[in-house]
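Quick notes on the structure that follows.
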Amino acid sequence: MSDFKTILDAAIQQLGGNEAVQKLLAVGASALSNYRQRGQLPAAKQAILEAELTQQGWYLDLEGLQLTPLNSGQQKRILLLITGGIAAYKALELARRLMDRGYQIRGVMSKSAMEFITPLSLAALTGEKVYSELFSLTDEAEMGHIRLARDADIVLVAPATANFLAKMAHGLADDLASTICLATDCPVMIAPAMNPIMWAHPATQANLETLKKRGVTLIAPEDGDTACGEIGTGRLAETAVIIAGIDRLLAPQKILSPLSGKSAAGLLGRHILITSGPTYEPIDPVRYIANHSSGKQGHALAEACAKAGAKVTLISGPVQIPDPEGVETIHVTTAQQMYDACITALPADCAICAAAVADWKVVNHGTQKIKKTKAGTPQLQLAENPDILASLSQHEARPALVIGFAAETENLNRNAKAKRERKKCDWIVANAVGGTGQDAVFGKDTNRVTVIDAQGHEDWQQTSKTQIAEKLITRIEAWFNER
Ligand code: PMT
């Protein structure tokens with residue numbers, strides 16, 4: 001009978017031996033023997049090991065003491081729900097490509113999907129029975145709809161029509177596909193496709209918000225010509241984009257470092273906490289103190305971290321840009337709310353404070369709109385807000401790596417260096433925010449930064465905020481890999 005040590009050793013053997021695995025997990029020889037003795041791996045290390053083995057075609061289950069080839073029945077299972085729109089025909093190609101990548105597909109079709117493609121074509125492609133009836137005695141005897149809903153690693157709705165999104169958002173269960181969405185306890189991913197006006201309709205957008213808040217992953221539709229002849233957003237995302245979304249959830253990959261082009265361990269299994277955007281401090285119910293931050297830099301960081309396999313909690317002030325994909329976004333308004341959300345999100349492996357947090361709040365803010373009176377100009381009484389970066393740096397559950405930003409209008413390096421020391425963070429990313437036009441930072445798509453740590457500073461040339469984010473994530477990966 002296998003024990004933990006035998007399975008772990010078999011996994012290590014499969015990955016090229018002790019040295020290769022030490023390098024992969026960024027640990028020394030003594031850590032590996034500790035894991036053997038303890039009969040347990042830290043969750044983050046286990047996730048890296050599992051993902052690496054998945055890439056090599058193996059399935060590792062350390063709790064169930066199994067190491068088996070993926071094609072021996074341990075493939076990840078996708079329950080593909082096809083709902084009725086012209087894009088339904090693309091679901092056949094999607095199913096085929098997912099199977100090519102080793103996923104096992106079981107199909108469910110709504111009545112209207114069957115107006116566009118036949119269950120027979122999907123069954124022939126997947127080699128599996130296709131289900132469509134809620135009240136089918138044969139199907140219920142063979143596989144009850146509750147089991148069907150749960151016997152999967154993910155439920156993928158592609159294409160998802162506006163009508164189906166509405167049913168999901170409101171918990172309707174009037175056919176097999178919608179009942180599955182209500183009865184499943186698996187992660188759910190939706191890839192909508194519809195007419196652009198239907199997509200933009202406030203009802204559809206409200207339904208989407210509801211679903212996203214419930215943890216449903218959205219693969220957003222793309223822009224272009226739609227089947228109905230109108231141009232706009234509504235085309236089913238490309239097959240490759242949907243597959244990348246599935247891979248991200250079911251088989252997180254190692255990413256290539258954008259700096260070195262070499263394979264990096266990525267941030268798989270790491271929890272990264274990011275703040276982004278401005279905060280608003282109320283003066284009265286209609287006025288507030290704010291700043292020009294758009295959230296572009298902080299959101300780009302969140303997206304890059306998620307791409308590198310991290311679990312990301314993004315605490316965002318009020319911004320006009322969408323929540324990044326694959327990221328848990330918590331929306332706040334004031335500095336105090338941002339502070340509370342950050343502390344609640346601990347523990348984390350790394351914190352990046354890119355938000356432009358108001359340093360002061362109005363303590364005597366009005367509960368009614370302040371009126372002009374003959375008594376003169378109202379006097380706002382200010383008090384300091386909690387310093388989130390300094391608090392995280394000194395918290396008993398301090399993330400291993402704490403990174404701040406410094407927005408300076410003068411003496412960039414000197415002020416930023418002093419800020420790093422005062423706030424006790426590990427690195428500070430300094431940007432000069434006093435510029436205008438090409439040199440502006442707030443709200444723009446580009447930035448130029450200097451990264452300051454205990455060893456010195458690096459000047460990075462002006463580039464897109466996305467590239468700054470990727471470069472910073474690569475630096476973070478390298479930092480974790482070296483530990
Ligand atoms: O959002 P964009 O339009 O893309 O613009 C990006 C940006 C300019 C906002 C961003 O790159 C940036 O510099 N963010 C930090 C802005 C800022 O508030 O800097 P600061 O020097 O005032 O604060 C220093 C650090 O302390 C920052 O990490 C800040 O998040 C943090 N801080 C400040 C005050 C406070 N009460 N709590 C904090 O955590």
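Quick note on naming: the chains in the structure tokens go A, B, ... in the order shown, residues restart at 1 in each chain, and ligands are numbered from 1 in order of appearance.
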Tell me which protein, DNA and RNA residues are within 6 Å of range 206-219 of chain A, counting only C-alpha atoms, leaving out same-chain ones fewer than 2 positions away, and put them as a PDB file with C-alpha atoms, in the first residue's frame.
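Output contents, as saved in part_3.pdb:
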ATOM      1  CA  ALA A 166     -30.958  36.193 -16.750  1.00  0.00           C
ATOM      2  CA  ALA A 169     -28.868  35.507 -12.160  1.00  0.00           C
ATOM      3  CA  VAL A 188     -18.944  28.068 -13.147  1.00  0.00           C
ATOM      4  CA  MET A 189     -17.571  29.896 -16.194  1.00  0.00           C
ATOM      5  CA  ILE A 190     -19.704  31.738 -18.744  1.00  0.00           C
ATOM      6  CA  ALA A 191     -18.794  32.764 -22.290  1.00  0.00           C
ATOM      7  CA  PRO A 202     -28.618  47.482 -18.353  1.00  0.00           C
ATOM      8  CA  ALA A 203     -30.601  44.328 -17.544  1.00  0.00           C
ATOM      9  CA  THR A 204     -27.900  42.063 -19.018  1.00  0.00           C
TER      10      THR A 204
END
Residue contacts of Ile476 in chain A (10 Å, only C-alpha atoms) excluding same-chain residues fewer than 4 positions away, as an mmCIF file with C-alpha atoms, in the first residue's frame:
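What follows is the written file around.cif:
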data_model
loop_
_atom_site.group_PDB
_atom_site.id
_atom_site.type_symbol
_atom_site.label_atom_id
_atom_site.label_comp_id
_atom_site.auth_asym_id
_atom_site.auth_seq_id
_atom_site.Cartn_x
_atom_site.Cartn_y
_atom_site.Cartn_z
ATOM 1 C CA GLY A 266 5.281 32.025 -11.468
ATOM 2 C CA LEU A 267 3.207 33.096 -8.523
ATOM 3 C CA CYS A 305 -0.404 38.693 -10.940
ATOM 4 C CA CYS A 350 2.801 39.907 -0.901
ATOM 5 C CA LEU A 401 7.066 41.160 0.651
ATOM 6 C CA ILE A 403 5.652 47.040 -1.860
ATOM 7 C CA GLU A 470 4.662 42.614 -15.832
ATOM 8 C CA LYS A 471 8.195 43.748 -15.089
ATOM 9 C CA LEU A 472 7.374 44.242 -11.428
ATOM 10 C CA PHE A 480 10.239 34.511 -4.127
ATOM 11 C CA ASN A 481 12.319 32.075 -6.183
ATOM 12 C CA GLU A 482 15.508 33.210 -4.466
#
Closest pair table for range 27-131 of chain A residues within 10 Å of range 180-183 of chain A, only C-alpha atoms, as a tab-separated table:
residue	atom	partner	partner_atom	distance
A:Leu79	CA	A:Ile180	CA	9.6
A:Leu81	CA	A:Ile180	CA	9.0
A:Val108	CA	A:Ile180	CA	9.4
>> Using only C-alpha atoms, which protein or nucleic acid residues come within 12 Å of Cys228 in chain A? Drop anything in the same chain fewer than 6 positions from it, and give the result as an NGL selection string.
In response: :A and (85-87 or 193-198 or 234-235)
>> Neighbours of ligand 1 at 6 Å or closer, counting only C-alpha atoms and all ligand atoms: which residues, as a PyMOL selection string?
In response: chain A and resi 277+293-297+353-359+385-389+404-407+431+441-443
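Residues within 7 Å of range 4-14 of chain A, counting only C-alpha atoms and excluding same-chain residues fewer than 2 positions away, are Ser2, Gly16, Gly17, Asn18, Val21, Arg36, Gly39, Leu62, Leu65, Gln66 and Leu67 of chain A.
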> Would you give me, as JSON, numbers by chain, the residues in range 190-396 of chain A that DSSP reads as alpha helix (DSSP H)?
Replying inline: {"A": [196, 197, 198, 199, 200, 202, 203, 204, 205, 206, 207, 208, 209, 210, 211, 212, 213, 239, 240, 241, 242, 243, 244, 245, 246, 247, 248, 249, 250, 296, 297, 298, 299, 300, 301, 302, 303, 304, 305, 306, 307, 335, 336, 337, 338, 339, 340, 341, 342, 343, 344, 345, 388, 389, 390, 391, 392, 393, 394]}
Output file for the selection above: C-alpha atoms, as an mmCIF file, in the first residue's frame:
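What follows is the written file again22.cif:
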data_model
loop_
_atom_site.group_PDB
_atom_site.id
_atom_site.type_symbol
_atom_site.label_atom_id
_atom_site.label_comp_id
_atom_site.auth_asym_id
_atom_site.auth_seq_id
_atom_site.Cartn_x
_atom_site.Cartn_y
_atom_site.Cartn_z
ATOM 1 C CA PRO A 196 -24.472 44.015 -29.077
ATOM 2 C CA ILE A 197 -27.539 45.969 -27.929
ATOM 3 C CA MET A 198 -28.672 43.026 -25.821
ATOM 4 C CA TRP A 199 -25.162 42.789 -24.346
ATOM 5 C CA ALA A 200 -25.079 46.516 -23.487
ATOM 6 C CA PRO A 202 -28.618 47.482 -18.353
ATOM 7 C CA ALA A 203 -30.601 44.328 -17.544
ATOM 8 C CA THR A 204 -27.900 42.063 -19.018
ATOM 9 C CA GLN A 205 -25.118 44.072 -17.370
ATOM 10 C CA ALA A 206 -26.899 43.933 -14.006
ATOM 11 C CA ASN A 207 -27.309 40.161 -14.361
ATOM 12 C CA LEU A 208 -23.603 39.856 -15.153
ATOM 13 C CA GLU A 209 -22.656 41.894 -12.086
ATOM 14 C CA THR A 210 -24.813 39.601 -9.935
ATOM 15 C CA LEU A 211 -23.163 36.517 -11.408
ATOM 16 C CA LYS A 212 -19.638 37.925 -11.037
ATOM 17 C CA LYS A 213 -20.336 38.807 -7.399
ATOM 18 C CA THR A 239 -11.932 29.360 -28.739
ATOM 19 C CA ALA A 240 -8.304 29.933 -27.664
ATOM 20 C CA VAL A 241 -9.393 32.624 -25.189
ATOM 21 C CA ILE A 242 -12.003 30.338 -23.611
ATOM 22 C CA ILE A 243 -9.466 27.513 -23.398
ATOM 23 C CA ALA A 244 -6.927 29.843 -21.760
ATOM 24 C CA GLY A 245 -9.594 30.741 -19.167
ATOM 25 C CA ILE A 246 -10.275 27.053 -18.483
ATOM 26 C CA ASP A 247 -6.535 26.324 -18.222
ATOM 27 C CA ARG A 248 -6.160 29.198 -15.799
ATOM 28 C CA LEU A 249 -8.774 27.692 -13.494
ATOM 29 C CA LEU A 250 -8.113 23.996 -13.939
ATOM 30 C CA LYS A 296 -4.975 51.769 -14.328
ATOM 31 C CA GLN A 297 -1.619 50.999 -12.690
ATOM 32 C CA GLY A 298 -3.057 49.014 -9.769
ATOM 33 C CA HIS A 299 -5.482 47.055 -11.962
ATOM 34 C CA ALA A 300 -2.682 46.224 -14.450
ATOM 35 C CA LEU A 301 -0.703 44.789 -11.527
ATOM 36 C CA ALA A 302 -3.678 42.689 -10.435
ATOM 37 C CA GLU A 303 -4.138 41.311 -13.945
ATOM 38 C CA ALA A 304 -0.444 40.464 -14.321
ATOM 39 C CA CYS A 305 -0.404 38.693 -10.940
ATOM 40 C CA ALA A 306 -3.460 36.628 -11.892
ATOM 41 C CA LYS A 307 -1.804 35.672 -15.199
ATOM 42 C CA ALA A 335 -9.451 55.113 3.125
ATOM 43 C CA GLN A 336 -10.874 53.581 6.303
ATOM 44 C CA GLN A 337 -12.865 51.050 4.231
ATOM 45 C CA MET A 338 -9.753 50.262 2.164
ATOM 46 C CA TYR A 339 -7.759 49.739 5.358
ATOM 47 C CA ASP A 340 -10.452 47.433 6.832
ATOM 48 C CA ALA A 341 -10.685 45.393 3.613
ATOM 49 C CA CYS A 342 -6.881 44.985 3.473
ATOM 50 C CA ILE A 343 -6.619 43.793 7.053
ATOM 51 C CA THR A 344 -9.515 41.359 6.498
ATOM 52 C CA ALA A 345 -7.795 39.983 3.374
ATOM 53 C CA ILE A 388 -2.487 51.137 4.998
ATOM 54 C CA LEU A 389 1.037 50.548 3.683
ATOM 55 C CA ALA A 390 2.689 51.297 7.037
ATOM 56 C CA SER A 391 0.113 49.158 8.873
ATOM 57 C CA LEU A 392 0.607 46.166 6.544
ATOM 58 C CA SER A 393 4.399 46.500 6.905
ATOM 59 C CA GLN A 394 4.142 46.317 10.679
#
>> Need to verify the contact set: Ala220 in chain A, 8 Å, only C-alpha atoms, exclusion of same-chain residues closer than 5 positions in sequence. Can you return it as a PyMOL selection string?
In response: chain A and resi 191-192+236-237
Dump as a PDB file, in the first residue's frame, selection limited to N, CA, C and O atoms:
ATOM      1  N   ALA A 191     -19.331  32.074 -21.105  1.00  0.00           N
ATOM      2  CA  ALA A 191     -18.794  32.764 -22.290  1.00  0.00           C
ATOM      3  C   ALA A 191     -20.017  33.250 -23.080  1.00  0.00           C
ATOM      4  O   ALA A 191     -20.573  32.522 -23.899  1.00  0.00           O
ATOM      5  N   PRO A 192     -20.475  34.484 -22.814  1.00  0.00           N
ATOM      6  CA  PRO A 192     -21.703  34.962 -23.454  1.00  0.00           C
ATOM      7  C   PRO A 192     -21.514  35.271 -24.942  1.00  0.00           C
ATOM      8  O   PRO A 192     -20.402  35.551 -25.394  1.00  0.00           O
ATOM      9  N   LEU A 236     -18.995  35.603 -29.473  1.00  0.00           N
ATOM     10  CA  LEU A 236     -18.408  34.634 -28.538  1.00  0.00           C
ATOM     11  C   LEU A 236     -16.887  34.788 -28.571  1.00  0.00           C
ATOM     12  O   LEU A 236     -16.303  34.910 -29.656  1.00  0.00           O
ATOM     13  N   ALA A 237     -16.239  34.800 -27.403  1.00  0.00           N
ATOM     14  CA  ALA A 237     -14.774  34.917 -27.354  1.00  0.00           C
ATOM     15  C   ALA A 237     -14.151  33.813 -28.203  1.00  0.00           C
ATOM     16  O   ALA A 237     -14.742  32.735 -28.375  1.00  0.00           O
TER      17      ALA A 237
END
